[in-house]
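Report on the following structure.
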Amino acid sequence: MSTCTNLSAELAEPLAATAATARTWLLIEQSGPWGAKALTESHLDSRLGRELEAASAGTGVRVALIRRPGRHADNRPAARHQVILAHTVPGRGWIRRAESADLTELSALDLAAAGAGDHGGFGTAHTGGPLALVCTNGRRDRCCALLGRPLAAELAAAGHSEVWEVTHLGGHRFSPTMLVLPYGYAYGRLTEATAKEVLAVTTAGQMWPALSRGRSCWDRPAQAAEQAVRELTGEHAAETLTVTQDPLTEGAWRCLVRHVDGRCWLVEVVRRLSEPPRPESCGKAPGTPVRMEVRSVRRS
C-alpha cells in the first residue's frame, strides 16, 4: 500500500526541523472518536473547542486532545478528564496537571501567560516520569492510526512511561510520531525499540538526535540550528542548549546557539523546497514541503 510515510522514507526526507511549534502544550483528555478537526469534531463541547482555538492563537500555546491507548468505541466519555499544561523552554520548563469534571472551566485559563511560561497556579506539579504522546488520529491521516496506535499500545503495555494518544503533531509522513514531555522534543519514524530508547534517554535527562524532529519551543530555523550543533558536538543532554534566531534575508536566518558552559555557535539556516513533489499527507496532492537547510556552523 502506498502511503505518505513510505514515499517520505524512500526519498530520505530529513526529520530535522519538522516539529510542530509550541512553547506550551495544553492537553485535554477526551475519549471516544476524533474527527479531522478534533477540537470541534469529538465529544469535547464544540463551543469550548472553538474558544480554545481562538484564545490560543498567537500565544505560543498548542491545544490538543489526548486519550489512553486502546479501543475507542463511540460511547460517552468518563465524567472526569485529565488536563495537562506543559511549558518546554529550556531551564524554565514545567508540567502541571489537574482533573476536571467541567472542562468549560478551561475558558478561564490565561493562555497568553501560559505561553510566556506562567502557569498561574494551575493544577499541581507533575512528579512522574516522561509523558509520551503518540499521534494516532486516523481522521487526519491514516498513517497515524496504522502506525501510531500499535506503537502507543506497545509502550503502554511495556510500562515504560505514561503514554497517551494525541490528536495531531503534524508531519504525518514521518509516522509514527511522538512528542515527549517535559522537554518537548518530537520524534519520527519510530519503532517499538527506538521509542522505548527515546523514553529511556529522556528519563536520564537527554534527547536522541538521530530521530529528533526538533524541540517544539523553537521555530523551525532554530530547530535546525540546534540539531546541527548537536550533530557537531555530540551533545545529548536535553537542557544544555538555547537558541535565538534573527532574519538575514527572506528565507534565511542567523541563529545563535548557546551552551550552558559558555560556548556559542553561529548557524546560518535557509529555507528550501523539497523535491521531487510528494504528498505531505495521505490523500493530498503532491507538493514541495518546506525544509530547513543548514548552510554553515561556526564557533562564536
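Just remember, in the C-alpha cells the first chain shown is A, the second B, etc., residues are 1-based per chain, and ligands are 1-based in the order shown.
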Please build the interface table for stretch 164-243 of chain A against stretch 31-51 of chain A with a cut-off of 10 Å, listing for each qualifying residue the nearest atom pair and the distance in Å to one decimal; count only C-alpha atoms, order rows by chain and increasing number, and write it as a tab-separated table.
```
residue	atom	partner	partner_atom	distance
A:Glu165	CA	A:Ser31	CA	9.8
A:Val166	CA	A:Trp34	CA	9.9
A:Thr167	CA	A:Ala38	CA	6.7
A:His168	CA	A:Ala38	CA	8.6
```
Write out the residues from the selection above, keeping C-alpha atoms, as a compact mmCIF listing (two decimals), in the first residue's frame.
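For reference, again13.txt as written:
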```txt
# COMPACT_ATOMS: atom_id res chain seq x y z
CA GLU A 165 -2.63 9.01 22.19
CA VAL A 166 -2.76 12.59 20.87
CA THR A 167 -4.77 14.20 18.10
CA HIS A 168 -2.20 15.97 15.96
```
Residues at most 12 Å from A:Gly234, counting only C-alpha atoms, excluding those fewer than 4 positions away in the same chain, as an MDAnalysis selection string? chainID A and resid 206:210 226:230 238 240
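Once stretch 83-90 of chain A and its same-chain neighbours fewer than 5 positions away are set aside, A:Arg23, A:Thr24, A:Trp25, A:Leu26, A:Leu27, A:Ile28, A:Glu29, A:Ile95, A:Arg96, A:Arg97, A:Ala98, A:Glu99, A:Gly117, A:Pro182, A:Tyr183, A:Gly184, A:Cys217, A:Glu239, A:Thr242 remain within 7 Å of it when counting only C-alpha atoms.
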Can you tell me, as a PyMOL selection string, what residues are no more than 12 Å from A:Arg173 when counting only C-alpha atoms, ignoring any on the same chain fewer than 2 positions away? chain A and resi 2-15+18+135+140-144+147-148+169-171+175-177+188-190+278-284+289
